[in-house]
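Shown here: coords_13.cif, mmCIF, C-alpha atoms.
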```
data_entry
#
loop_
_atom_site.label_atom_id
_atom_site.label_comp_id
_atom_site.auth_asym_id
_atom_site.auth_seq_id
_atom_site.Cartn_x
_atom_site.Cartn_y
_atom_site.Cartn_z
CA MET M 1 28.80 2.80 2.91
CA ALA M 2 27.34 6.26 2.89
CA LYS M 3 26.58 8.95 5.39
CA VAL M 4 22.85 9.01 6.11
CA SER M 5 21.44 12.03 7.95
CA MET M 6 17.94 12.70 9.21
CA THR M 7 16.09 14.35 12.05
CA VAL M 8 15.07 11.85 14.71
CA ASN M 9 12.83 12.98 17.55
CA GLY M 10 13.75 16.59 16.89
CA LYS M 11 17.50 15.99 16.84
CA LYS M 12 19.71 16.06 13.73
CA VAL M 13 21.60 12.77 13.52
CA SER M 14 23.86 11.10 11.01
CA ALA M 15 25.82 7.88 10.68
CA ASP M 16 27.90 6.01 8.14
CA VAL M 17 25.99 2.87 7.26
CA GLU M 18 25.87 0.28 4.50
CA ASP M 19 23.40 1.09 1.75
CA ARG M 20 21.37 -2.02 2.60
CA THR M 21 20.79 -0.87 6.20
CA LEU M 22 17.11 -0.85 7.08
CA LEU M 23 15.70 2.19 8.88
CA VAL M 24 14.89 0.06 11.93
CA HIS M 25 18.52 -1.03 12.24
CA TYR M 26 19.74 2.51 11.70
CA LEU M 27 17.53 3.65 14.58
CA ARG M 28 18.36 0.77 16.91
CA GLU M 29 22.03 0.24 16.17
CA ALA M 30 23.41 3.51 14.84
CA GLN M 31 21.27 5.75 17.08
CA GLY M 32 20.75 3.45 20.08
CA LEU M 33 16.98 3.93 19.96
CA THR M 34 15.92 0.39 20.81
CA GLY M 35 12.27 1.21 21.51
CA THR M 36 11.46 0.42 17.88
CA HIS M 37 11.28 -3.36 17.65
CA VAL M 38 11.85 -6.00 15.01
CA GLY M 39 9.10 -8.56 15.42
CA CYS M 40 8.47 -10.61 12.31
CA ASP M 41 11.05 -9.17 9.91
CA THR M 42 8.59 -9.93 7.10
CA SER M 43 6.68 -6.61 7.03
CA GLN M 44 3.60 -8.00 8.70
CA CYS M 45 3.66 -7.41 12.45
CA GLY M 46 4.09 -3.65 12.78
CA ALA M 47 6.34 -3.74 15.89
CA CYS M 48 8.73 -1.50 13.92
CA VAL M 49 6.26 1.27 13.09
CA VAL M 50 7.71 4.80 13.27
CA HIS M 51 6.60 8.07 11.71
CA VAL M 52 8.50 9.33 8.67
CA ASN M 53 7.51 12.88 7.73
CA GLY M 54 4.44 12.46 9.90
CA LYS M 55 3.22 9.17 8.40
CA ALA M 56 3.26 5.76 10.08
CA VAL M 57 5.51 3.37 8.17
CA LYS M 58 7.17 0.02 8.80
CA SER M 59 10.81 0.84 9.47
CA CYS M 60 11.81 -2.76 8.64
CA THR M 61 10.49 -2.23 5.10
CA MET M 62 12.38 0.91 4.30
CA LEU M 63 16.08 1.56 3.81
CA ALA M 64 17.70 4.12 6.08
CA ALA M 65 18.91 5.82 2.89
CA GLN M 66 15.32 6.27 1.71
CA ALA M 67 14.68 8.24 4.91
CA GLY M 68 17.76 10.42 4.36
CA GLY M 69 16.77 14.03 5.00
CA ALA M 70 13.41 13.02 6.51
CA THR M 71 11.91 13.80 9.89
CA VAL M 72 11.45 10.64 11.93
CA THR M 73 9.58 10.15 15.19
CA THR M 74 10.03 7.00 17.25
CA ILE M 75 8.36 5.84 20.44
CA GLU M 76 11.15 7.60 22.38
CA GLY M 77 10.07 10.92 20.89
CA LEU M 78 6.43 10.89 21.99
CA ALA M 79 6.57 11.81 25.67
CA ASN M 80 7.13 15.36 26.75
CA GLY M 81 9.80 14.87 29.40
CA ALA M 82 8.18 12.93 32.25
CA ASP M 83 4.68 13.50 30.82
CA LEU M 84 3.53 10.57 28.76
CA HIS M 85 1.80 11.18 25.43
CA PRO M 86 -1.99 10.70 25.90
CA VAL M 87 -1.81 7.45 23.90
CA GLN M 88 1.00 6.12 26.10
CA ALA M 89 -0.93 7.11 29.22
CA ALA M 90 -4.08 5.42 27.90
CA PHE M 91 -2.20 2.17 27.19
CA ARG M 92 -1.02 2.19 30.82
CA GLU M 93 -4.42 3.10 32.21
CA HIS M 94 -6.34 0.52 30.16
CA HIS M 95 -3.79 -2.31 30.39
CA GLY M 96 -3.15 -2.05 26.67
CA LEU M 97 -0.03 -4.21 26.94
CA GLN M 98 0.90 -7.62 28.19
CA CYS M 99 4.45 -8.61 27.21
CA GLY M 100 4.93 -5.16 25.68
CA PHE M 101 6.81 -6.22 22.58
CA CYS M 102 4.27 -4.92 20.06
CA THR M 103 3.50 -1.83 22.15
CA PRO M 104 5.83 0.73 20.51
CA GLY M 105 4.43 -0.12 17.07
CA MET M 106 0.86 -0.18 18.39
CA ILE M 107 1.28 3.25 19.97
CA MET M 108 2.91 4.79 16.89
CA ALA M 109 0.11 3.32 14.74
CA ALA M 110 -2.48 4.65 17.20
CA VAL M 111 -1.08 8.18 17.17
CA ASP M 112 -1.13 8.16 13.37
CA MET M 113 -4.67 6.82 13.22
CA ILE M 114 -5.95 9.40 15.73
CA GLU M 115 -4.32 12.17 13.70
CA ARG M 116 -6.08 10.97 10.56
CA HIS M 117 -9.52 10.23 12.02
CA GLY M 118 -9.70 12.64 14.94
CA ALA M 119 -12.78 12.31 17.11
CA ASN M 120 -14.52 10.03 14.58
CA LEU M 121 -12.62 7.02 15.82
CA ASP M 122 -15.03 4.22 16.71
CA GLU M 123 -14.22 0.68 17.74
CA ALA M 124 -14.77 -0.83 14.29
CA THR M 125 -12.45 1.72 12.68
CA ILE M 126 -9.76 1.12 15.30
CA ARG M 127 -9.88 -2.64 14.76
CA HIS M 128 -9.73 -2.17 10.98
CA GLU M 129 -6.86 0.32 11.25
CA LEU M 130 -4.85 -2.15 13.36
CA GLU M 131 -4.66 -4.50 10.38
CA GLY M 132 -0.90 -3.96 10.14
CA ASN M 133 -0.08 -4.53 13.81
CA ILE M 134 0.02 -7.95 15.40
CA CYS M 135 -0.07 -8.60 19.16
CA ARG M 136 1.38 -12.03 19.91
CA CYS M 137 -0.34 -12.00 23.33
CA THR M 138 -3.61 -11.41 21.42
CA GLY M 139 -4.38 -8.57 23.81
CA TYR M 140 -6.28 -6.57 21.22
CA HIS M 141 -9.31 -5.84 23.36
CA ASN M 142 -7.52 -3.53 25.78
CA ILE M 143 -5.40 -2.04 23.00
CA VAL M 144 -8.60 -1.01 21.24
CA LYS M 145 -10.02 0.36 24.52
CA ALA M 146 -6.83 2.36 25.13
CA ILE M 147 -6.83 3.86 21.63
CA LYS M 148 -10.52 4.79 21.90
CA ALA M 149 -9.94 6.43 25.30
CA ALA M 150 -6.91 8.35 24.00
CA ALA M 151 -8.80 9.51 20.89
CA ASP M 152 -11.71 10.75 23.00
CA GLN M 153 -9.37 12.51 25.40
CA MET M 154 -7.33 14.12 22.62
CA ALA M 155 -10.52 15.30 20.91
CA SER M 156 -11.73 16.95 24.12
CA MET M 157 -8.30 18.52 24.69
CA ARG M 158 -8.49 19.94 21.17
CA THR M 159 -12.00 21.29 21.80
CA ALA M 160 -10.87 22.84 25.09
CA ALA M 161 -7.96 24.51 23.33
CA GLU M 162 -10.21 26.11 20.70
CA MET N 1 19.71 -8.75 2.43
CA TYR N 2 22.69 -8.92 0.11
CA GLU N 3 24.76 -5.81 -0.41
CA THR N 4 23.42 -3.24 -2.80
CA ASN N 5 24.20 0.31 -3.92
CA TYR N 6 21.57 2.92 -3.28
CA HIS N 7 21.03 5.86 -5.65
CA ARG N 8 18.42 8.57 -5.28
CA ALA N 9 17.14 9.91 -8.60
CA GLY N 10 15.94 13.49 -8.86
CA SER N 11 14.19 13.07 -12.20
CA VAL N 12 12.94 10.36 -14.53
CA SER N 13 15.82 10.96 -16.95
CA GLU N 14 18.37 10.77 -14.13
CA ALA N 15 16.77 7.50 -12.99
CA ALA N 16 17.09 6.09 -16.50
CA SER N 17 20.75 7.06 -16.79
CA LEU N 18 21.55 5.66 -13.33
CA MET N 19 19.89 2.40 -14.39
CA ALA N 20 21.85 2.31 -17.63
CA LYS N 21 25.08 2.47 -15.63
CA ALA N 22 24.03 -0.23 -13.15
CA ASP N 23 25.19 -3.80 -13.50
CA ASP N 24 21.92 -5.41 -12.41
CA GLY N 25 19.80 -2.55 -11.15
CA LYS N 26 16.21 -2.27 -9.99
CA PHE N 27 13.93 0.71 -9.62
CA LEU N 28 12.75 1.27 -6.04
CA ALA N 29 9.31 2.87 -5.76
CA GLY N 30 7.61 2.44 -2.36
CA GLY N 31 9.58 -0.74 -1.74
CA GLN N 32 6.75 -2.58 -0.03
CA THR N 33 7.33 -5.65 -2.18
CA LEU N 34 10.92 -5.16 -3.28
CA ILE N 35 12.44 -4.60 0.18
CA PRO N 36 10.79 -7.70 1.72
CA THR N 37 11.87 -9.70 -1.34
CA MET N 38 15.46 -8.50 -0.94
CA LYS N 39 15.37 -9.25 2.80
CA GLN N 40 14.50 -12.83 1.95
CA ARG N 41 17.35 -12.87 -0.56
CA LEU N 42 14.90 -13.66 -3.34
CA ALA N 43 16.16 -10.58 -5.15
CA ALA N 44 19.69 -9.20 -5.10
CA PRO N 45 19.96 -6.16 -7.34
CA SER N 46 23.43 -4.65 -7.55
CA ASP N 47 21.91 -1.17 -7.51
CA LEU N 48 18.67 0.37 -6.32
CA ILE N 49 17.47 3.49 -8.12
CA ASP N 50 15.08 5.25 -5.73
CA LEU N 51 12.19 6.94 -7.56
CA GLY N 52 10.62 8.15 -4.30
CA GLN N 53 11.78 11.77 -4.47
CA ILE N 54 10.95 12.48 -8.11
CA ALA N 55 8.48 15.38 -8.17
CA GLU N 56 7.28 14.73 -11.73
CA LEU N 57 5.93 11.32 -10.65
CA GLN N 58 3.60 12.85 -8.06
CA GLY N 59 0.11 14.23 -8.28
CA ILE N 60 -3.48 13.51 -9.28
CA THR N 61 -5.15 15.57 -12.00
CA GLU N 62 -8.33 15.53 -14.08
CA ALA N 63 -8.04 16.09 -17.81
CA GLY N 64 -10.41 15.41 -20.68
CA GLY N 65 -12.68 12.84 -19.02
CA SER N 66 -9.71 11.07 -17.50
CA LEU N 67 -8.10 10.87 -14.10
CA ARG N 68 -4.32 10.93 -14.28
CA ILE N 69 -2.42 9.59 -11.28
CA GLY N 70 1.33 10.05 -11.03
CA ALA N 71 3.17 6.75 -10.67
CA GLY N 72 4.75 7.81 -7.39
CA THR N 73 1.39 8.51 -5.73
CA LYS N 74 0.98 6.51 -2.54
CA HIS N 75 -2.02 4.25 -1.98
CA ALA N 76 -3.07 6.39 1.02
CA ASP N 77 -3.08 9.51 -1.17
CA VAL N 78 -5.20 7.87 -3.87
CA ALA N 79 -7.61 6.61 -1.19
CA GLY N 80 -7.81 10.02 0.48
CA SER N 81 -8.00 12.15 -2.67
CA ALA N 82 -11.27 14.11 -2.92
CA LEU N 83 -10.85 14.11 -6.72
CA VAL N 84 -10.53 10.31 -6.94
CA GLN N 85 -13.40 9.85 -4.50
CA ARG N 86 -15.63 12.09 -6.63
CA LEU N 87 -14.66 10.80 -10.08
CA ILE N 88 -13.89 7.10 -9.52
CA PRO N 89 -14.98 6.14 -6.00
CA GLY N 90 -14.33 2.47 -6.76
CA LEU N 91 -10.66 3.27 -7.32
CA ALA N 92 -10.38 5.24 -4.06
CA LYS N 93 -11.92 2.34 -2.19
CA LEU N 94 -9.58 -0.14 -3.86
CA ALA N 95 -6.53 1.93 -2.85
CA GLY N 96 -7.80 2.18 0.73
CA GLY N 97 -7.98 -1.60 0.99
CA ILE N 98 -4.41 -2.40 -0.09
CA GLY N 99 -2.22 -3.93 2.62
CA ASP N 100 -2.48 -1.99 5.86
CA PRO N 101 -2.25 1.72 6.78
CA HIS N 102 1.56 1.66 7.06
CA VAL N 103 2.00 -0.09 3.72
CA ARG N 104 -0.41 2.41 2.12
CA HIS N 105 1.82 5.26 3.33
CA MET N 106 4.75 3.87 1.31
CA GLY N 107 3.44 1.75 -1.54
CA THR N 108 2.80 3.45 -4.88
CA ILE N 109 0.45 2.84 -7.79
CA GLY N 110 3.36 2.75 -10.25
CA GLY N 111 5.24 0.21 -8.16
CA SER N 112 2.22 -2.03 -7.88
CA VAL N 113 1.41 -1.91 -11.57
CA ALA N 114 5.06 -2.42 -12.57
CA ASN N 115 5.37 -5.45 -10.30
CA ASN N 116 2.06 -6.97 -11.50
CA ASP N 117 1.67 -9.37 -8.62
CA PRO N 118 -1.17 -11.73 -9.59
CA ALA N 119 -2.86 -10.89 -6.27
CA ALA N 120 -2.35 -7.13 -6.41
CA ASP N 121 -5.47 -4.94 -6.46
CA TYR N 122 -4.56 -2.16 -8.90
CA PRO N 123 -4.24 -4.30 -12.07
CA SER N 124 -7.99 -5.03 -11.91
CA ALA N 125 -8.80 -1.31 -12.01
CA VAL N 126 -6.28 -0.59 -14.76
CA MET N 127 -7.83 -3.37 -16.87
CA ALA N 128 -11.51 -2.75 -16.05
CA LEU N 129 -11.28 0.99 -16.61
CA GLY N 130 -9.29 0.55 -19.82
CA ALA N 131 -6.53 2.75 -18.43
CA THR N 132 -3.41 3.90 -20.22
CA VAL N 133 -0.02 3.29 -18.66
CA HIS N 134 2.30 6.22 -19.42
CA THR N 135 5.99 5.43 -19.32
CA SER N 136 9.27 7.21 -19.85
CA SER N 137 9.12 6.27 -23.54
CA ARG N 138 5.49 5.60 -24.61
CA ASP N 139 1.83 5.07 -23.71
CA ILE N 140 0.64 1.49 -23.27
CA ALA N 141 -3.02 0.42 -23.33
CA ALA N 142 -4.07 -1.80 -20.40
CA GLU N 143 -4.88 -4.54 -22.90
CA ASP N 144 -1.26 -4.67 -24.09
CA TYR N 145 0.37 -3.96 -20.75
CA PHE N 146 -0.32 -7.08 -18.66
CA THR N 147 1.46 -10.05 -20.18
CA GLY N 148 1.26 -12.65 -17.40
CA MET N 149 2.10 -13.25 -13.76
CA PHE N 150 4.70 -10.69 -12.60
CA ASP N 151 5.16 -9.90 -16.28
CA THR N 152 4.41 -6.70 -18.17
CA ALA N 153 5.15 -5.00 -21.47
CA LEU N 154 7.72 -2.77 -19.73
CA GLU N 155 11.23 -2.85 -21.15
CA GLU N 156 14.22 -3.21 -18.86
CA ASN N 157 14.86 0.50 -18.34
CA GLU N 158 11.34 1.79 -18.85
CA ILE N 159 9.73 3.71 -15.98
CA ILE N 160 6.00 4.15 -15.42
CA THR N 161 5.36 7.89 -15.04
CA ALA N 162 1.57 7.97 -14.63
CA ILE N 163 -1.64 6.07 -15.25
CA SER N 164 -4.70 7.64 -16.87
CA PHE N 165 -8.08 6.18 -15.97
CA PRO N 166 -11.11 7.04 -18.13
CA VAL N 167 -13.84 8.23 -15.76
CA PRO N 168 -16.73 5.73 -15.74
CA GLU N 169 -20.35 6.39 -14.94
CA LYS N 170 -20.24 3.76 -12.21
CA SER N 171 -17.57 1.52 -10.79
CA ALA N 172 -16.76 -0.59 -7.77
CA TYR N 173 -14.27 -3.11 -6.53
CA ALA N 174 -14.95 -6.08 -4.29
CA LYS N 175 -12.30 -8.42 -2.99
CA TYR N 176 -12.04 -11.41 -0.79
CA PRO N 177 -8.79 -10.89 1.11
CA ASN N 178 -6.73 -13.78 2.35
CA PRO N 179 -7.35 -13.60 6.11
CA ALA N 180 -3.62 -13.63 6.91
CA SER N 181 -1.86 -11.78 4.09
CA ARG N 182 -4.78 -9.55 3.04
CA TYR N 183 -3.85 -10.13 -0.58
CA ALA N 184 -6.86 -10.67 -2.82
CA MET N 185 -7.83 -14.31 -3.29
CA ALA N 186 -10.24 -12.87 -5.79
CA GLY N 187 -10.92 -9.23 -6.51
CA VAL N 188 -13.30 -7.99 -9.17
CA PHE N 189 -13.50 -4.46 -10.55
CA VAL N 190 -16.62 -3.54 -12.53
CA ALA N 191 -17.08 -0.36 -14.54
CA ARG N 192 -19.94 1.01 -16.65
CA PHE N 193 -19.27 3.87 -19.03
CA LYS N 194 -21.57 6.59 -20.34
CA ASP N 195 -21.92 4.87 -23.72
CA GLY N 196 -23.38 1.84 -21.90
CA SER N 197 -20.32 -0.35 -22.31
CA VAL N 198 -19.19 -2.42 -19.34
CA ARG N 199 -15.81 -3.85 -18.41
CA VAL N 200 -15.11 -6.43 -15.74
CA ALA N 201 -11.65 -7.56 -14.61
CA ALA N 202 -10.56 -10.01 -11.94
CA THR N 203 -7.32 -10.18 -9.98
CA GLY N 204 -5.97 -12.63 -7.39
CA ALA N 205 -7.63 -15.62 -8.98
CA GLY N 206 -6.16 -16.22 -12.43
CA GLN N 207 -3.02 -18.19 -13.21
CA ASN N 208 -1.84 -15.51 -15.58
CA GLY N 209 -2.69 -12.52 -13.44
CA VAL N 210 -5.48 -10.07 -14.16
CA PHE N 211 -8.10 -11.03 -16.77
CA ARG N 212 -11.32 -9.66 -18.23
CA ILE N 213 -14.58 -11.61 -18.14
CA PRO N 214 -16.38 -10.99 -21.48
CA ALA N 215 -19.48 -13.02 -20.55
CA MET N 216 -20.07 -10.83 -17.50
CA GLU N 217 -19.44 -7.68 -19.53
CA ALA N 218 -22.09 -8.69 -22.08
CA ALA N 219 -24.60 -9.65 -19.38
CA LEU N 220 -24.07 -6.42 -17.45
CA SER N 221 -24.37 -4.18 -20.48
CA ALA N 222 -27.79 -5.72 -21.12
CA ASN N 223 -28.83 -5.74 -17.46
CA TRP N 224 -26.78 -3.93 -14.83
CA SER N 225 -27.63 -6.00 -11.76
CA ALA N 226 -25.96 -8.51 -9.48
CA ASP N 227 -28.42 -11.15 -10.73
CA ALA N 228 -27.10 -10.74 -14.26
CA VAL N 229 -23.72 -12.21 -13.28
CA ALA N 230 -24.92 -14.67 -10.63
CA SER N 231 -24.90 -17.65 -12.96
CA ILE N 232 -21.79 -16.74 -14.95
CA ASN N 233 -18.75 -18.75 -13.90
CA VAL N 234 -15.14 -18.52 -15.02
CA GLN N 235 -13.21 -21.66 -15.98
CA ALA N 236 -11.67 -23.27 -12.88
CA ASP N 237 -8.89 -24.65 -15.11
CA ASP N 238 -7.50 -21.13 -15.49
CA MET N 239 -7.52 -20.34 -11.75
CA LEU N 240 -4.74 -20.44 -9.19
CA SER N 241 -4.79 -23.35 -6.80
CA ASP N 242 -2.75 -23.31 -3.60
CA ILE N 243 -2.97 -23.89 0.16
CA HIS N 244 -5.22 -20.85 0.47
CA GLY N 245 -7.88 -22.07 -1.93
CA SER N 246 -8.54 -24.51 -4.75
CA ALA N 247 -9.17 -23.45 -8.33
CA ASP N 248 -12.88 -24.30 -7.98
CA TYR N 249 -13.11 -22.17 -4.86
CA ARG N 250 -11.44 -19.23 -6.55
CA ALA N 251 -13.65 -19.56 -9.62
CA ASN N 252 -16.68 -19.37 -7.35
CA LEU N 253 -15.21 -16.39 -5.49
CA VAL N 254 -14.87 -14.48 -8.76
CA THR N 255 -18.63 -14.72 -9.35
CA VAL N 256 -19.40 -13.78 -5.74
CA MET N 257 -17.07 -10.77 -5.87
CA ALA N 258 -18.54 -9.69 -9.22
CA LYS N 259 -22.02 -9.72 -7.69
CA ARG N 260 -20.82 -7.71 -4.70
CA ALA N 261 -19.03 -5.19 -6.89
CA VAL N 262 -22.10 -4.60 -9.07
CA ALA N 263 -24.27 -4.22 -5.97
CA ALA N 264 -21.81 -1.68 -4.52
CA ALA N 265 -21.38 0.39 -7.70
#
```

Could you quickly redo this structure as structure tokens?
Amino acid sequence: MAKVSMTVNGKKVSADVEDRTLLVHYLREAQGLTGTHVGCDTSQCGACVVHVNGKAVKSCTMLAAQAGGATVTTIEGLANGADLHPVQAAFREHHGLQCGFCTPGMIMAAVDMIERHGANLDEATIRHELEGNICRCTGYHNIVKAIKAAADQMASMRTAAE
Amino acid sequence: MYETNYHRAGSVSEAASLMAKADDGKFLAGGQTLIPTMKQRLAAPSDLIDLGQIAELQGITEAGGSLRIGAGTKHADVAGSALVQRLIPGLAKLAGGIGDPHVRHMGTIGGSVANNDPAADYPSAVMALGATVHTSSRDIAAEDYFTGMFDTALEENEIITAISFPVPEKSAYAKYPNPASRYAMAGVFVARFKDGSVRVAATGAGQNGVFRIPAMEAALSANWSADAVASINVQADDMLSDIHGSADYRANLVTVMAKRAVAAA
């Protein structure tokens, strides 16, 4: 057991956990943030994707202790109060979810991919970038549409701000 | 996952001394293989020595015709490095095709080369570029480093610190990824150097991990074209055979990937 501290969604948190505790379990069980899901448990499905120091990672494939001192963002940290993040809003608008289980990971992956590619995000790139996220409902088509719409919208917001 | 004790090392020497004190310790780099293996209880180290925060293992530099990549450098950082893209574009492309974006944000070149998975991508580049593996105690030539499937010349407590890749005139990597796992079923790295010499190495296909293909090297140094390797086949007897593909299939894939790599270089 050791005390593991980090910043999660802008808040400093800490908890005493076993050294073998995975980041996803630290978030779900020690911090009560159950938006991050465990899908496959074999590092393939991406339902557990969160951002650690600004990079999308699989929280089921990282120990909580490895993230000690890091800044973590989960799906709960994206919205600004009642205002959904543009990617969340686009998933709703474009029916980017069916059962919803993969959605938190899809959205965290999408935010990361839009940050890296900006306005250059075309459909082929989105599909390629989703390699690490599996939708068991196979609803990829609308997920891709939602990410494209969000990327376009965020690019125009950025242009408007300049 | 069985219980384990986590230690975060601040330097290579601290990592070595933490390992020396451990009962049955393992170094943790990006953890993208080790953590899943531990979750499946296929590995149960008593102690994990985390190398992830060691500054001296980071960074990509150019020196004397060589590209030196710190062992702790993430796949995404190799793929995105302007220096790697300019000097060895084939290596940048290889790094950008490992796993998926999330894995590339965690996985490291040192971890991959230390693990020497027979289907990992990096070993083909290390071998085809004639790289040098720098460790906490010595420098190891690629030739001497890979000693078989999941097996390397590394001693128990030896830590890879960096890998130096001679800069080739041309290089490229082509792989056929397993459609589900994305691991290479065959991946071929080709490199031509300024003195006209050529090296070709294949991963994913061989029973003993990465291997060079001398016949292709000779053919390509005489005639650098995809046609030159089109009729050169590797021995199916030496190839992996499993539910994903027979040995004959993999042997054929090696030739196809070699052609694609030469065409892309």

Find the residues in chain M near chain N: any atom within 6 Å counts, using all atoms listed in the file. Write them as a PyMOL selection string.
chain M and resi 19-20+56-57+61+131-132

Residues picked by the PyMOL selection byres ((chain M and resi 103-108) around 7) here, as a ChimeraX atom specification?
/M:35-36,46-50,56,75,87-88,97,100-102,109-112,133

List the spatial neighbours of Tyr122 of chain N as an mmCIF file with C-alpha atoms, keeping the file's coordinate frame - criterion: any atom at most 8 Å away, only C-alpha atoms, same-chain residues fewer than 3 positions off excluded.
```cif
data_model
loop_
_atom_site.group_PDB
_atom_site.id
_atom_site.type_symbol
_atom_site.label_atom_id
_atom_site.label_comp_id
_atom_site.auth_asym_id
_atom_site.auth_seq_id
_atom_site.Cartn_x
_atom_site.Cartn_y
_atom_site.Cartn_z
ATOM 1 C CA LEU N 94 -9.580 -0.140 -3.860
ATOM 2 C CA ALA N 95 -6.530 1.930 -2.850
ATOM 3 C CA ILE N 109 0.450 2.840 -7.790
ATOM 4 C CA SER N 112 2.220 -2.030 -7.880
ATOM 5 C CA VAL N 113 1.410 -1.910 -11.570
ATOM 6 C CA ALA N 125 -8.800 -1.310 -12.010
ATOM 7 C CA VAL N 126 -6.280 -0.590 -14.760
#
```

Grab the atom CA of Met62 of chain M to atom CA of Ala29 of chain N distance for me, in Å with one decimal place.
10.7 Å

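Within 9 Å of Ala153 of chain N, once all atoms listed in the file are used and residues closer than 4 positions along the same chain are dropped, the contacting residues are Ile140, Asp144, Tyr145, Phe146 and Thr147 of chain N.
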
In Å and to one decimal, atom CA of Glu217 of chain N is distant from atom CA of Val188 of chain N by 12.0 Å

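Residues surrounding Leu240 of chain N within 7 Å are Ala205, Gly206, Gln207, Asp238, Asp242 and Ala247 of chain N [all atoms listed in the file; sequence separation below 2 positions excluded].
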
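Across the model, the gap from atom CA of Lys3 of chain M to atom CA of Leu18 of chain N is 19.7 Å.
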
Excluding Ala201 of chain N and its own-chain neighbours fewer than 6 positions away, which residues fall within 8 Å of it when counting only C-alpha atoms? Please give them as a ChimeraX atom specification.
/N:124-125,127-128,188-190,210-213

Please evaluate the PyMOL selection byres ((chain N and resi 85) around 12) against the displayed coordinates and give the resulting residues as a PyMOL selection string.
chain N and resi 60+67+77-84+86-96+167+170-172

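For Ser5 of chain M, the residues within 7 Å (counting all atoms listed in the file, excluding itself and residues fewer than 4 positions away along the chain) are Val13, Ser14, Ala15, Gly68 and Gly69 of chain M.
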
Take the PyMOL selection byres ((chain M and resi 115) around 12), apply it to the structure above, and return the hits as an mmCIF file with C-alpha atoms, in the coordinates of the input.
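Listing of expr26.cif after writing:
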```cif
data_model
loop_
_atom_site.group_PDB
_atom_site.id
_atom_site.type_symbol
_atom_site.label_atom_id
_atom_site.label_comp_id
_atom_site.auth_asym_id
_atom_site.auth_seq_id
_atom_site.Cartn_x
_atom_site.Cartn_y
_atom_site.Cartn_z
ATOM 1 C CA HIS M 51 6.600 8.070 11.710
ATOM 2 C CA GLY M 54 4.440 12.460 9.900
ATOM 3 C CA LYS M 55 3.220 9.170 8.400
ATOM 4 C CA ALA M 56 3.260 5.760 10.080
ATOM 5 C CA VAL M 87 -1.810 7.450 23.900
ATOM 6 C CA MET M 108 2.910 4.790 16.890
ATOM 7 C CA ALA M 109 0.110 3.320 14.740
ATOM 8 C CA ALA M 110 -2.480 4.650 17.200
ATOM 9 C CA VAL M 111 -1.080 8.180 17.170
ATOM 10 C CA ASP M 112 -1.130 8.160 13.370
ATOM 11 C CA MET M 113 -4.670 6.820 13.220
ATOM 12 C CA ILE M 114 -5.950 9.400 15.730
ATOM 13 C CA ARG M 116 -6.080 10.970 10.560
ATOM 14 C CA HIS M 117 -9.520 10.230 12.020
ATOM 15 C CA GLY M 118 -9.700 12.640 14.940
ATOM 16 C CA ALA M 119 -12.780 12.310 17.110
ATOM 17 C CA ASN M 120 -14.520 10.030 14.580
ATOM 18 C CA LEU M 121 -12.620 7.020 15.820
ATOM 19 C CA ILE M 147 -6.830 3.860 21.630
ATOM 20 C CA ALA M 150 -6.910 8.350 24.000
ATOM 21 C CA ALA M 151 -8.800 9.510 20.890
ATOM 22 C CA ASP M 152 -11.710 10.750 23.000
ATOM 23 C CA MET M 154 -7.330 14.120 22.620
ATOM 24 C CA ALA M 155 -10.520 15.300 20.910
ATOM 25 C CA ARG M 158 -8.490 19.940 21.170
#
```

Work out where the centre of an axis-aligned box around every listed atom of segment 28-40 of chain M lies and how long its edges are once 6 Å is added on each side; give both in Å to one decimal as AutoDock Vina command-line options.
```
--center_x 15.9 --center_y -2.4 --center_z 16.9 --size_x 26.9 --size_y 28.4 --size_z 21.2
```

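Distances from N:Pro45, N:Gly148, N:Gly25, N:Pro166 to Asp117 of chain N were compared using only C-alpha atoms, and the smallest one belongs to N:Gly148.
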
At a cut-off of 10 Å from (-11.8, -20.9, -7.0) in the coordinates of the file, what residues are picked up using all atoms listed in the file, written as a PyMOL selection string?
chain N and resi 185-186+205-206+234-242+244-255

Do you know which residues lie at most 9 Å from (5.5, 15.5, -11.9), with coordinates as in the file and all atoms listed in the file counted, and could you write them as a ChimeraX atom specification?
/N:54-59,70,72,161-162
